[in-house]
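Colleague: The following file, coords_7.cif, comprises mmCIF, C-alpha atoms and all ligand atoms:
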```
data_my_file
#
loop_
_atom_site.label_atom_id
_atom_site.label_comp_id
_atom_site.auth_asym_id
_atom_site.auth_seq_id
_atom_site.Cartn_x
_atom_site.Cartn_y
_atom_site.Cartn_z
CA MET H 20 0.00 0.00 0.00
CA ILE H 21 1.24 3.46 -0.87
CA GLU H 22 -0.13 6.39 1.04
CA PHE H 23 0.24 10.05 0.11
CA GLU H 24 -0.46 12.01 3.26
CA SER H 25 -1.18 15.70 2.58
CA VAL H 26 1.87 16.09 0.34
CA SER H 27 2.73 19.45 -1.17
CA LYS H 28 5.59 20.50 -3.40
CA THR H 29 6.91 23.93 -4.30
CA PHE H 30 10.07 23.64 -6.35
CA TYR H 31 11.27 27.20 -5.82
CA PRO H 32 10.17 29.66 -3.15
CA GLY H 33 7.71 32.13 -4.63
CA GLN H 34 6.91 29.79 -7.54
CA SER H 35 3.43 28.36 -7.93
CA VAL H 36 2.79 25.08 -6.12
CA ALA H 37 3.28 21.98 -8.25
CA VAL H 38 1.26 19.87 -5.81
CA ALA H 39 -0.89 21.22 -2.98
CA ASP H 40 -2.12 19.08 -0.09
CA PHE H 41 -2.61 15.82 -1.98
CA SER H 42 -3.80 12.71 -0.16
CA LEU H 43 -4.41 9.29 -1.69
CA VAL H 44 -4.18 5.63 -0.75
CA VAL H 45 -3.02 3.23 -3.44
CA PRO H 46 -4.11 -0.24 -2.32
CA SER H 47 -1.71 -3.15 -2.77
CA HIS H 48 -1.98 -5.21 -5.96
CA ARG H 49 -4.10 -2.61 -7.73
CA THR H 50 -3.43 -0.27 -10.64
CA VAL H 51 -4.16 3.36 -9.88
CA VAL H 52 -3.87 5.78 -12.79
CA LEU H 53 -3.18 9.48 -12.29
CA VAL H 54 -4.56 11.31 -15.29
CA GLY H 55 -4.47 15.03 -15.96
CA SER H 56 -3.23 17.57 -18.43
CA SER H 57 0.36 18.67 -18.66
CA GLY H 58 1.63 20.34 -15.51
CA SER H 59 -1.05 18.97 -13.20
CA GLY H 60 1.66 17.44 -11.00
CA LYS H 61 1.39 13.77 -11.99
CA SER H 62 5.10 13.11 -12.42
CA THR H 63 5.93 15.08 -9.30
CA LEU H 64 3.59 12.84 -7.30
CA LEU H 65 4.98 9.67 -8.84
CA ARG H 66 8.56 10.70 -8.13
CA MET H 67 7.75 11.31 -4.48
CA VAL H 68 7.27 7.56 -4.07
CA ASN H 69 10.87 6.73 -4.97
CA ARG H 70 12.25 9.94 -3.45
CA MET H 71 13.34 11.49 -6.71
CA VAL H 72 11.25 14.41 -5.47
CA GLU H 73 11.05 15.22 -1.77
CA PRO H 74 7.74 16.79 -0.70
CA THR H 75 7.92 20.27 0.78
CA SER H 76 5.43 19.06 3.38
CA GLY H 77 3.48 15.89 4.06
CA ARG H 78 4.65 12.29 3.84
CA VAL H 79 4.61 9.29 1.54
CA LEU H 80 4.32 5.92 3.24
CA ILE H 81 4.93 2.49 1.78
CA ASP H 82 3.33 -0.22 3.88
CA ASP H 83 3.09 2.28 6.75
CA GLU H 84 6.77 3.25 6.58
CA ASP H 85 7.74 6.83 5.72
CA VAL H 86 9.91 6.65 2.59
CA ARG H 87 12.23 9.21 4.17
CA GLU H 88 13.30 6.50 6.60
CA ARG H 89 14.61 4.50 3.64
CA ASP H 90 17.97 4.91 1.97
CA PRO H 91 17.08 6.55 -1.39
CA VAL H 92 19.30 4.28 -3.49
CA ALA H 93 18.04 1.08 -1.88
CA LEU H 94 14.48 2.40 -2.13
CA ARG H 95 14.84 3.09 -5.86
CA ARG H 96 16.31 -0.32 -6.51
CA SER H 97 13.34 -1.90 -4.77
CA ILE H 98 10.76 -0.10 -6.92
CA GLY H 99 10.25 -0.62 -10.66
CA TYR H 100 10.27 2.62 -12.64
CA VAL H 101 9.32 2.91 -16.31
CA LEU H 102 9.65 6.19 -18.17
CA GLN H 103 8.42 7.46 -21.52
CA HIS H 104 11.91 7.27 -22.98
CA GLY H 105 13.03 3.94 -21.55
CA GLY H 106 16.08 5.36 -19.77
CA LEU H 107 18.01 2.31 -20.99
CA LEU H 108 21.78 2.31 -20.85
CA PRO H 109 22.78 2.76 -24.53
CA HIS H 110 26.15 0.99 -24.33
CA ARG H 111 24.84 -2.11 -22.57
CA THR H 112 23.06 -4.97 -24.27
CA VAL H 113 19.37 -5.52 -23.64
CA LEU H 114 20.20 -8.47 -21.39
CA ASP H 115 22.63 -6.42 -19.32
CA ASN H 116 20.14 -3.57 -19.08
CA ILE H 117 17.61 -5.94 -17.55
CA ALA H 118 20.09 -7.71 -15.28
CA THR H 119 21.84 -4.58 -13.93
CA VAL H 120 19.70 -3.88 -10.86
CA PRO H 121 19.55 -7.48 -9.63
CA ILE H 122 23.36 -7.67 -9.98
CA LEU H 123 23.72 -4.41 -8.04
CA ASN H 124 21.44 -5.96 -5.43
CA GLY H 125 23.90 -8.83 -5.08
CA VAL H 126 22.29 -11.51 -7.26
CA ASP H 127 24.84 -13.82 -8.89
CA LYS H 128 25.55 -12.66 -12.48
CA LYS H 129 24.69 -15.93 -14.16
CA GLN H 130 21.45 -16.22 -12.24
CA ALA H 131 20.53 -12.58 -12.98
CA ARG H 132 21.14 -13.12 -16.70
CA SER H 133 19.04 -16.25 -16.86
CA ALA H 134 16.23 -14.49 -14.98
CA ALA H 135 16.58 -11.62 -17.47
CA MET H 136 16.11 -14.06 -20.37
CA GLU H 137 12.87 -15.29 -18.80
CA LEU H 138 11.67 -11.72 -18.34
CA LEU H 139 12.45 -10.92 -21.95
CA GLU H 140 10.02 -13.63 -23.00
CA ARG H 141 7.52 -12.58 -20.39
CA VAL H 142 7.25 -9.10 -21.93
CA GLY H 143 6.87 -10.61 -25.40
CA LEU H 144 10.36 -10.12 -26.82
CA ASP H 145 12.28 -12.57 -28.96
CA PRO H 146 15.28 -14.12 -27.11
CA GLN H 147 17.43 -12.85 -30.01
CA THR H 148 16.84 -9.33 -28.70
CA ALA H 149 19.02 -10.08 -25.67
CA ARG H 150 22.29 -9.39 -27.48
CA ARG H 151 21.14 -6.19 -29.16
CA TYR H 152 21.73 -2.64 -27.96
CA PRO H 153 18.80 -0.32 -27.17
CA GLY H 154 19.52 1.83 -30.24
CA GLN H 155 18.91 -1.20 -32.47
CA LEU H 156 15.34 -1.65 -31.23
CA SER H 157 12.05 -0.03 -32.18
CA GLY H 158 10.40 2.34 -29.70
CA GLY H 159 7.87 -0.33 -28.72
CA GLN H 160 10.60 -2.93 -28.17
CA GLN H 161 12.56 -0.47 -26.05
CA GLN H 162 9.52 0.11 -23.87
CA ARG H 163 9.12 -3.65 -23.42
CA VAL H 164 12.75 -3.80 -22.30
CA GLY H 165 11.99 -0.92 -19.94
CA VAL H 166 9.14 -2.92 -18.42
CA ALA H 167 11.33 -6.06 -18.14
CA ARG H 168 14.07 -4.03 -16.47
CA ALA H 169 11.58 -2.53 -14.01
CA LEU H 170 10.37 -6.02 -13.12
CA ALA H 171 13.86 -7.53 -12.80
CA ALA H 172 14.30 -6.97 -9.08
CA ASP H 173 10.80 -8.40 -8.53
CA PRO H 174 9.52 -5.18 -6.96
CA ASN H 175 6.14 -4.97 -5.25
CA ILE H 176 5.65 -1.51 -6.72
CA LEU H 177 5.82 -0.35 -10.32
CA LEU H 178 5.85 3.36 -11.12
CA MET H 179 5.03 4.08 -14.75
CA ASP H 180 5.37 7.62 -16.08
CA GLU H 181 3.74 7.93 -19.53
CA PRO H 182 5.51 4.69 -20.48
CA PHE H 183 3.69 4.31 -23.80
CA GLY H 184 3.49 8.01 -24.65
CA ALA H 185 6.09 7.96 -27.41
CA VAL H 186 4.98 4.94 -29.44
CA ASP H 187 2.51 4.75 -32.30
CA PRO H 188 -1.16 4.01 -31.53
CA ILE H 189 -1.10 0.36 -32.66
CA MET H 190 2.04 -0.44 -30.70
CA ARG H 191 0.61 1.50 -27.78
CA ARG H 192 -2.50 -0.65 -27.73
CA GLU H 193 -0.33 -3.80 -27.83
CA LEU H 194 1.75 -2.57 -24.92
CA GLN H 195 -1.38 -1.71 -22.94
CA ASP H 196 -2.78 -5.21 -23.50
CA GLU H 197 0.57 -6.69 -22.54
CA LEU H 198 0.57 -4.72 -19.30
CA LEU H 199 -2.97 -5.90 -18.49
CA ARG H 200 -1.87 -9.49 -19.11
CA LEU H 201 1.28 -9.09 -16.99
CA GLN H 202 -0.66 -7.50 -14.17
CA SER H 203 -3.22 -10.31 -14.16
CA GLU H 204 -0.28 -12.67 -13.53
CA LEU H 205 1.91 -10.55 -11.27
CA HIS H 206 -0.50 -8.44 -9.17
CA LYS H 207 1.93 -5.58 -8.58
CA THR H 208 0.95 -2.30 -6.98
CA ILE H 209 1.07 0.04 -9.96
CA VAL H 210 0.91 3.81 -10.09
CA PHE H 211 0.54 4.79 -13.73
CA VAL H 212 0.70 8.36 -15.04
CA THR H 213 -0.84 9.43 -18.32
CA HIS H 214 -2.63 12.34 -19.91
CA ASP H 215 -4.65 9.92 -22.08
CA VAL H 216 -8.11 9.29 -20.65
CA ASP H 217 -8.73 6.18 -22.73
CA GLU H 218 -5.48 4.67 -21.48
CA ALA H 219 -6.45 5.57 -17.90
CA PHE H 220 -9.85 3.90 -18.24
CA LEU H 221 -8.38 0.82 -19.88
CA LEU H 222 -5.63 0.21 -17.34
CA GLY H 223 -6.87 1.65 -14.05
CA ASP H 224 -8.71 -0.28 -11.36
CA GLU H 225 -9.02 3.21 -10.00
CA VAL H 226 -8.53 6.49 -11.82
CA VAL H 227 -7.63 9.83 -10.24
CA VAL H 228 -8.41 12.85 -12.40
CA LEU H 229 -6.12 15.74 -11.52
CA ARG H 230 -6.41 19.41 -12.20
CA GLU H 231 -3.62 21.94 -11.77
CA GLY H 232 -1.64 21.78 -8.53
CA GLY H 233 -2.32 18.08 -8.07
CA GLN H 234 -5.89 18.82 -7.01
CA ILE H 235 -8.11 15.75 -7.21
CA ALA H 236 -11.06 16.57 -9.43
CA GLN H 237 -12.48 13.08 -9.04
CA ARG H 238 -11.39 9.57 -8.17
CA GLY H 239 -13.16 6.31 -8.68
CA THR H 240 -13.46 3.36 -11.00
CA PRO H 241 -13.64 4.21 -14.70
CA ALA H 242 -17.36 3.36 -14.62
CA GLU H 243 -17.99 5.64 -11.64
CA ILE H 244 -16.22 8.55 -13.31
CA LEU H 245 -17.78 8.07 -16.72
CA GLY H 246 -21.20 7.40 -15.20
CA ALA H 247 -21.23 10.39 -12.89
CA PRO H 248 -18.58 13.00 -13.68
CA ALA H 249 -18.13 15.17 -10.56
CA ASP H 250 -18.29 18.47 -12.44
CA ASP H 251 -17.91 20.13 -15.83
CA PHE H 252 -14.12 19.91 -15.66
CA VAL H 253 -14.24 16.13 -15.33
CA ARG H 254 -17.05 15.82 -17.86
CA ASP H 255 -14.97 17.75 -20.44
CA PHE H 256 -11.76 15.98 -19.54
CA VAL H 257 -13.11 12.45 -19.84
CA GLY H 258 -15.25 13.39 -22.80
CA ALA H 259 -18.35 11.93 -21.19
CA ASP H 260 -20.46 13.74 -23.74
CA ARG H 261 -18.20 13.02 -26.72
CA ALA H 262 -20.04 11.40 -29.56
CA GLU H 263 -17.74 8.37 -29.64
CA ARG H 264 -18.56 7.60 -26.03
CA GLU H 265 -22.32 7.80 -26.58
CA LEU H 266 -23.37 4.34 -27.58
CA HIS H 267 -26.69 3.32 -29.01
CA VAL H 268 -28.06 -0.02 -29.99
CA THR H 269 -29.37 -1.08 -33.33
CA THR H 270 -30.47 -4.41 -34.71
CA VAL H 271 -28.77 -5.96 -37.74
CA ASP H 272 -29.91 -9.37 -38.98
CA GLY H 273 -31.43 -10.14 -35.60
CA ARG H 274 -28.27 -9.28 -33.62
CA THR H 275 -28.09 -6.27 -31.33
CA ILE H 276 -25.14 -4.10 -32.28
CA ALA H 277 -23.73 -1.21 -30.23
CA VAL H 278 -22.81 1.82 -32.31
CA ASP H 279 -21.16 5.07 -31.25
CA GLY H 280 -22.50 8.57 -31.78
CA ALA H 281 -21.03 8.66 -35.30
CA GLY H 282 -22.79 5.43 -36.21
CA ARG H 283 -19.64 3.27 -36.11
CA PRO H 284 -20.25 -0.25 -34.83
CA VAL H 285 -18.23 -0.93 -31.68
CA GLY H 286 -19.49 -4.34 -30.61
CA VAL H 287 -22.24 -6.88 -30.39
CA LEU H 288 -24.44 -6.95 -27.29
CA ALA H 289 -24.53 -10.31 -25.59
CA PRO H 290 -28.04 -11.76 -25.54
N1 LIG V 301 12.37 19.83 -11.24
C1 LIG V 301 11.48 20.82 -11.32
N2 LIG V 301 11.85 22.09 -11.08
C2 LIG V 301 10.96 23.11 -11.13
N3 LIG V 301 9.65 22.96 -11.44
C3 LIG V 301 9.22 21.72 -11.70
C4 LIG V 301 10.10 20.57 -11.66
N4 LIG V 301 9.39 19.47 -11.96
C5 LIG V 301 8.10 19.89 -12.18
N5 LIG V 301 8.01 21.23 -12.02
C6 LIG V 301 6.78 22.02 -12.16
O1 LIG V 301 5.77 21.42 -11.38
C7 LIG V 301 4.52 21.42 -12.06
C8 LIG V 301 4.00 20.01 -12.19
O2 LIG V 301 4.86 19.29 -13.07
P1 LIG V 301 4.74 17.73 -13.35
O3 LIG V 301 5.84 17.36 -14.28
O4 LIG V 301 4.61 17.00 -12.09
O5 LIG V 301 3.34 17.67 -14.12
P2 LIG V 301 2.76 16.54 -15.03
O6 LIG V 301 1.30 16.51 -14.74
O7 LIG V 301 3.52 15.28 -14.83
O8 LIG V 301 3.02 17.11 -16.46
P3 LIG V 301 3.54 16.40 -17.79
O9 LIG V 301 2.40 15.55 -18.25
O10 LIG V 301 3.83 17.55 -18.70
O11 LIG V 301 4.76 15.63 -17.41
C9 LIG V 301 4.76 22.12 -13.38
O12 LIG V 301 4.38 23.47 -13.23
C10 LIG V 301 6.25 22.00 -13.58
O13 LIG V 301 6.75 23.08 -14.32
#
```
Starting from the file, lay out its structure as structure tokens.
Ligand SMILES: Nc1ncnc2c1ncn2[C@@H]1O[C@H](COP(=O)(O)OP(=O)(O)OP(=O)(O)O)[C@@H](O)[C@H]1O
Modeller:
Amino acid sequence: MIEFESVSKTFYPGQSVAVADFSLVVPSHRTVVLVGSSGSGKSTLLRMVNRMVEPTSGRVLIDDEDVRERDPVALRRSIGYVLQHGGLLPHRTVLDNIATVPILNGVDKKQARSAAMELLERVGLDPQTARRYPGQLSGGQQQRVGVARALAADPNILLMDEPFGAVDPIMRRELQDELLRLQSELHKTIVFVTHDVDEAFLLGDEVVVLREGGQIAQRGTPAEILGAPADDFVRDFVGADRAERELHVTTVDGRTIAVDGAGRPVGVLAP
């Protein structure tokens, strides 16, 4: 469980607050998505968990322990972190990129490399990829390596900061499905940051819609938010009234088809 307890962050005195008095509990084994437009404080909040940002006031607790009690380096090695631009080491092979943290944590090299090979397959990469360098991979493959690397130390917590933001829409959808599959097997505690509402609704057990200053506009399951947006800001942000979200039913050859506001079929209703 991760707990944000009234955290605030002002980067420079006199500057506007990046995050003001934010509180949230992220339950263990769940995926919580922070969604909001640029500058709403999502990354700042995420980085408080692994102490890459220290709150100006308030606390972040992991399983009831204040993260400030933890050595920052050990803390970071115990938490998986995936960024938009993989942050892979360019002069190390894919296999070494994945095995680095476990080796730093004292795992025997051979063992770490064989675990890295298993992870490579787990995230859907060909074993041949192991000997390549990050620059020789596509953006989507690099992000898969990023996910494998984040999982290598078998962390309980995964922090994901716009991890699929820089890949094309088809690859993005594949990576999202892959994450859903992985999570159904691994049950990590995931905090996922995105500005894409559809991605938030697809991946989040719970979604937190943020406005500027890390203010929570609404939190809940995707269905709760879409069904009852708290205010006009949330309604606009999630596009509750957007034509493509407004589904209707029509009957074609005796089957009931759901179509969106533009008349595009989106699925068949189960009888
Ligand atoms: N290291 C920093 N130094 C100074 N100001 C910062 C720093 N990091 C973030 N900020 C400011 O804090 C505010 C919140 O930024 P943050 O990156 O957390 O937002 P975000 O919602 O993640 O946005 P984005 O989607 O663009 O990454 C912004 O006004 C930003 O300029």
Colleague: For ligand LIG 301 (chain V), which residue out of H:Thr75, H:Asn69, H:Gln202, H:Thr213 is the nearest one, using only C-alpha atoms and all ligand atoms?
Modeller: H:Thr213
Colleague: Do a neighbour search on Ala262 of chain H at 9 Å with only C-alpha atoms, toss out local chain neighbours closer than 4 positions, and write the hits as a list of chain:residue names.
Modeller: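 Using only C-alpha atoms, the neighbours found are H:Gly258, H:Leu266, H:Asp279, H:Gly280, H:Ala281.
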Colleague: Rank H:Gly99, H:Pro46, H:Pro182, H:Gly246 by their smallest atom-to-atom distance to Asp215 of chain H, using all atoms listed in the file, and report the top residue only.
Modeller: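 With all atoms listed in the file as the atom set, the closest residue is H:Pro182.
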Colleague: What residues have any atom no more than 12 Å from ligand LIG 301 (chain V) when counting only C-alpha atoms and all ligand atoms, and can you list them as a count of residues only?
Modeller: 51
Colleague: Name all residues at most 9 Å from Thr275 of chain H (count all atoms listed in the file; drop same-chain ones fewer than 2 positions away) and give them as an MDAnalysis selection string.
Modeller: chainID H and resid 268:273 277 286:290
Colleague: Need the shell around Asn124 of chain H: protein/DNA/RNA residues with any atom at most 9 Å away, counting all atoms listed in the file. Skip same-chain ones fewer than 5 positions apart. Format as a list in words?
Modeller: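 Residues meeting the cut-off are Ala93, Arg96, Thr119 and Ala172 of chain H.
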Colleague: Output C-alpha atoms for every residue in the selection just made, as a PDB file, in the coordinates of the input.
Modeller:
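Heads up, here's the output in part.pdb:
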```
ATOM      1  CA  ALA H  93      18.040   1.080  -1.880  1.00  0.00           C
ATOM      2  CA  ARG H  96      16.310  -0.320  -6.510  1.00  0.00           C
ATOM      3  CA  THR H 119      21.840  -4.580 -13.930  1.00  0.00           C
ATOM      4  CA  ALA H 172      14.300  -6.970  -9.080  1.00  0.00           C
TER       5      ALA H 172
END
```
Colleague: Restricting the calculation to all atoms listed in the file, which member of H:Ile122, H:Val257, H:Leu201, H:Leu194 is positioned closest to Leu138 of chain H?
Modeller: H:Leu201
Colleague: Would you work out the distance separating atom CA of Tyr100 of chain H from atom CA of Glu225 of chain H, expressed in Å to one decimal?
Modeller: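 Taking atom CA of Tyr100 of chain H as the start and atom CA of Glu225 of chain H as the end point, the length is 19.5 Å.
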Colleague: Mind checking which residues fall within 8 Å of segment 141-144 of chain H, counting only C-alpha atoms, ignoring those fewer than 6 positions away in the same chain, and posting them as a list in words?
Modeller: Gln160, Arg163, Val164, Val166, Ala167, Glu197 and Leu201 of chain H
Colleague: From the coordinates I just gave you, please extract segment 72-109 of chain H so that only N, CA and C atoms remain, then output it as a PDB file, in the first residue's frame.
Modeller:
```
ATOM      1  N   VAL H  72      11.724  13.090  -5.909  1.00  0.00           N
ATOM      2  CA  VAL H  72      11.251  14.409  -5.475  1.00  0.00           C
ATOM      3  C   VAL H  72      10.911  14.278  -3.989  1.00  0.00           C
ATOM      4  N   GLU H  73      11.397  15.215  -3.192  1.00  0.00           N
ATOM      5  CA  GLU H  73      11.049  15.218  -1.767  1.00  0.00           C
ATOM      6  C   GLU H  73       9.913  16.215  -1.561  1.00  0.00           C
ATOM      7  N   PRO H  74       8.824  15.816  -0.913  1.00  0.00           N
ATOM      8  CA  PRO H  74       7.744  16.785  -0.702  1.00  0.00           C
ATOM      9  C   PRO H  74       8.193  17.949   0.190  1.00  0.00           C
ATOM     10  N   THR H  75       7.635  19.122  -0.071  1.00  0.00           N
ATOM     11  CA  THR H  75       7.918  20.271   0.783  1.00  0.00           C
ATOM     12  C   THR H  75       7.248  20.070   2.135  1.00  0.00           C
ATOM     13  N   SER H  76       6.073  19.470   2.117  1.00  0.00           N
ATOM     14  CA  SER H  76       5.431  19.060   3.378  1.00  0.00           C
ATOM     15  C   SER H  76       4.599  17.811   3.116  1.00  0.00           C
ATOM     16  N   GLY H  77       4.241  17.134   4.180  1.00  0.00           N
ATOM     17  CA  GLY H  77       3.483  15.889   4.057  1.00  0.00           C
ATOM     18  C   GLY H  77       4.419  14.691   3.949  1.00  0.00           C
ATOM     19  N   ARG H  78       3.835  13.506   3.852  1.00  0.00           N
ATOM     20  CA  ARG H  78       4.651  12.291   3.839  1.00  0.00           C
ATOM     21  C   ARG H  78       4.123  11.302   2.808  1.00  0.00           C
ATOM     22  N   VAL H  79       5.016  10.445   2.348  1.00  0.00           N
ATOM     23  CA  VAL H  79       4.605   9.294   1.539  1.00  0.00           C
ATOM     24  C   VAL H  79       5.004   8.045   2.313  1.00  0.00           C
ATOM     25  N   LEU H  80       4.052   7.146   2.496  1.00  0.00           N
ATOM     26  CA  LEU H  80       4.316   5.917   3.245  1.00  0.00           C
ATOM     27  C   LEU H  80       4.182   4.724   2.308  1.00  0.00           C
ATOM     28  N   ILE H  81       5.082   3.772   2.466  1.00  0.00           N
ATOM     29  CA  ILE H  81       4.927   2.490   1.779  1.00  0.00           C
ATOM     30  C   ILE H  81       4.757   1.443   2.863  1.00  0.00           C
ATOM     31  N   ASP H  82       3.650   0.739   2.827  1.00  0.00           N
ATOM     32  CA  ASP H  82       3.328  -0.225   3.884  1.00  0.00           C
ATOM     33  C   ASP H  82       3.588   0.378   5.265  1.00  0.00           C
ATOM     34  N   ASP H  83       3.046   1.557   5.476  1.00  0.00           N
ATOM     35  CA  ASP H  83       3.091   2.276   6.753  1.00  0.00           C
ATOM     36  C   ASP H  83       4.464   2.836   7.132  1.00  0.00           C
ATOM     37  N   GLU H  84       5.451   2.694   6.258  1.00  0.00           N
ATOM     38  CA  GLU H  84       6.766   3.248   6.578  1.00  0.00           C
ATOM     39  C   GLU H  84       7.027   4.491   5.734  1.00  0.00           C
ATOM     40  N   ASP H  85       7.411   5.572   6.397  1.00  0.00           N
ATOM     41  CA  ASP H  85       7.739   6.826   5.720  1.00  0.00           C
ATOM     42  C   ASP H  85       8.935   6.583   4.790  1.00  0.00           C
ATOM     43  N   VAL H  86       8.803   6.934   3.513  1.00  0.00           N
ATOM     44  CA  VAL H  86       9.910   6.650   2.588  1.00  0.00           C
ATOM     45  C   VAL H  86      11.191   7.394   2.979  1.00  0.00           C
ATOM     46  N   ARG H  87      11.029   8.483   3.745  1.00  0.00           N
ATOM     47  CA  ARG H  87      12.227   9.207   4.171  1.00  0.00           C
ATOM     48  C   ARG H  87      13.109   8.407   5.129  1.00  0.00           C
ATOM     49  N   GLU H  88      12.516   7.369   5.713  1.00  0.00           N
ATOM     50  CA  GLU H  88      13.303   6.497   6.598  1.00  0.00           C
ATOM     51  C   GLU H  88      14.182   5.557   5.780  1.00  0.00           C
ATOM     52  N   ARG H  89      13.896   5.463   4.481  1.00  0.00           N
ATOM     53  CA  ARG H  89      14.606   4.496   3.644  1.00  0.00           C
ATOM     54  C   ARG H  89      15.784   5.163   2.942  1.00  0.00           C
ATOM     55  N   ASP H  90      16.852   4.412   2.751  1.00  0.00           N
ATOM     56  CA  ASP H  90      17.965   4.907   1.973  1.00  0.00           C
ATOM     57  C   ASP H  90      17.475   5.089   0.525  1.00  0.00           C
ATOM     58  N   PRO H  91      17.673   6.295  -0.066  1.00  0.00           N
ATOM     59  CA  PRO H  91      17.077   6.549  -1.389  1.00  0.00           C
ATOM     60  C   PRO H  91      17.535   5.562  -2.463  1.00  0.00           C
ATOM     61  N   VAL H  92      18.800   5.181  -2.446  1.00  0.00           N
ATOM     62  CA  VAL H  92      19.299   4.280  -3.494  1.00  0.00           C
ATOM     63  C   VAL H  92      18.662   2.897  -3.351  1.00  0.00           C
ATOM     64  N   ALA H  93      18.643   2.395  -2.117  1.00  0.00           N
ATOM     65  CA  ALA H  93      18.039   1.076  -1.878  1.00  0.00           C
ATOM     66  C   ALA H  93      16.550   1.121  -2.203  1.00  0.00           C
ATOM     67  N   LEU H  94      15.915   2.242  -1.852  1.00  0.00           N
ATOM     68  CA  LEU H  94      14.480   2.396  -2.132  1.00  0.00           C
ATOM     69  C   LEU H  94      14.229   2.311  -3.636  1.00  0.00           C
ATOM     70  N   ARG H  95      15.034   3.062  -4.403  1.00  0.00           N
ATOM     71  CA  ARG H  95      14.842   3.093  -5.861  1.00  0.00           C
ATOM     72  C   ARG H  95      15.085   1.732  -6.491  1.00  0.00           C
ATOM     73  N   ARG H  96      16.046   1.002  -5.942  1.00  0.00           N
ATOM     74  CA  ARG H  96      16.306  -0.325  -6.510  1.00  0.00           C
ATOM     75  C   ARG H  96      15.204  -1.313  -6.170  1.00  0.00           C
ATOM     76  N   SER H  97      14.400  -0.965  -5.168  1.00  0.00           N
ATOM     77  CA  SER H  97      13.342  -1.900  -4.767  1.00  0.00           C
ATOM     78  C   SER H  97      12.007  -1.583  -5.451  1.00  0.00           C
ATOM     79  N   ILE H  98      12.002  -0.532  -6.261  1.00  0.00           N
ATOM     80  CA  ILE H  98      10.762  -0.104  -6.923  1.00  0.00           C
ATOM     81  C   ILE H  98      11.007  -0.076  -8.432  1.00  0.00           C
ATOM     82  N   GLY H  99      10.117  -0.674  -9.204  1.00  0.00           N
ATOM     83  CA  GLY H  99      10.251  -0.620 -10.659  1.00  0.00           C
ATOM     84  C   GLY H  99       9.819   0.751 -11.169  1.00  0.00           C
ATOM     85  N   TYR H 100      10.562   1.271 -12.143  1.00  0.00           N
ATOM     86  CA  TYR H 100      10.267   2.618 -12.637  1.00  0.00           C
ATOM     87  C   TYR H 100      10.379   2.586 -14.158  1.00  0.00           C
ATOM     88  N   VAL H 101       9.301   2.910 -14.838  1.00  0.00           N
ATOM     89  CA  VAL H 101       9.324   2.910 -16.306  1.00  0.00           C
ATOM     90  C   VAL H 101       8.976   4.313 -16.793  1.00  0.00           C
ATOM     91  N   LEU H 102       9.834   4.823 -17.673  1.00  0.00           N
ATOM     92  CA  LEU H 102       9.649   6.186 -18.170  1.00  0.00           C
ATOM     93  C   LEU H 102       9.269   6.172 -19.638  1.00  0.00           C
ATOM     94  N   GLN H 103       8.830   7.335 -20.112  1.00  0.00           N
ATOM     95  CA  GLN H 103       8.425   7.456 -21.519  1.00  0.00           C
ATOM     96  C   GLN H 103       9.571   7.095 -22.462  1.00  0.00           C
ATOM     97  N   HIS H 104      10.752   7.632 -22.167  1.00  0.00           N
ATOM     98  CA  HIS H 104      11.906   7.272 -22.976  1.00  0.00           C
ATOM     99  C   HIS H 104      12.738   6.349 -22.111  1.00  0.00           C
ATOM    100  N   GLY H 105      12.523   5.066 -22.330  1.00  0.00           N
ATOM    101  CA  GLY H 105      13.030   3.937 -21.553  1.00  0.00           C
ATOM    102  C   GLY H 105      14.135   4.171 -20.528  1.00  0.00           C
ATOM    103  N   GLY H 106      14.991   5.159 -20.716  1.00  0.00           N
ATOM    104  CA  GLY H 106      16.083   5.365 -19.774  1.00  0.00           C
ATOM    105  C   GLY H 106      17.049   4.186 -19.771  1.00  0.00           C
ATOM    106  N   LEU H 107      17.119   3.472 -20.923  1.00  0.00           N
ATOM    107  CA  LEU H 107      18.011   2.309 -20.988  1.00  0.00           C
ATOM    108  C   LEU H 107      19.452   2.786 -21.169  1.00  0.00           C
ATOM    109  N   LEU H 108      20.377   1.963 -20.691  1.00  0.00           N
ATOM    110  CA  LEU H 108      21.784   2.307 -20.848  1.00  0.00           C
ATOM    111  C   LEU H 108      22.194   1.959 -22.282  1.00  0.00           C
ATOM    112  N   PRO H 109      22.592   2.987 -23.089  1.00  0.00           N
ATOM    113  CA  PRO H 109      22.781   2.758 -24.527  1.00  0.00           C
ATOM    114  C   PRO H 109      23.953   1.835 -24.865  1.00  0.00           C
TER     115      PRO H 109
END
```
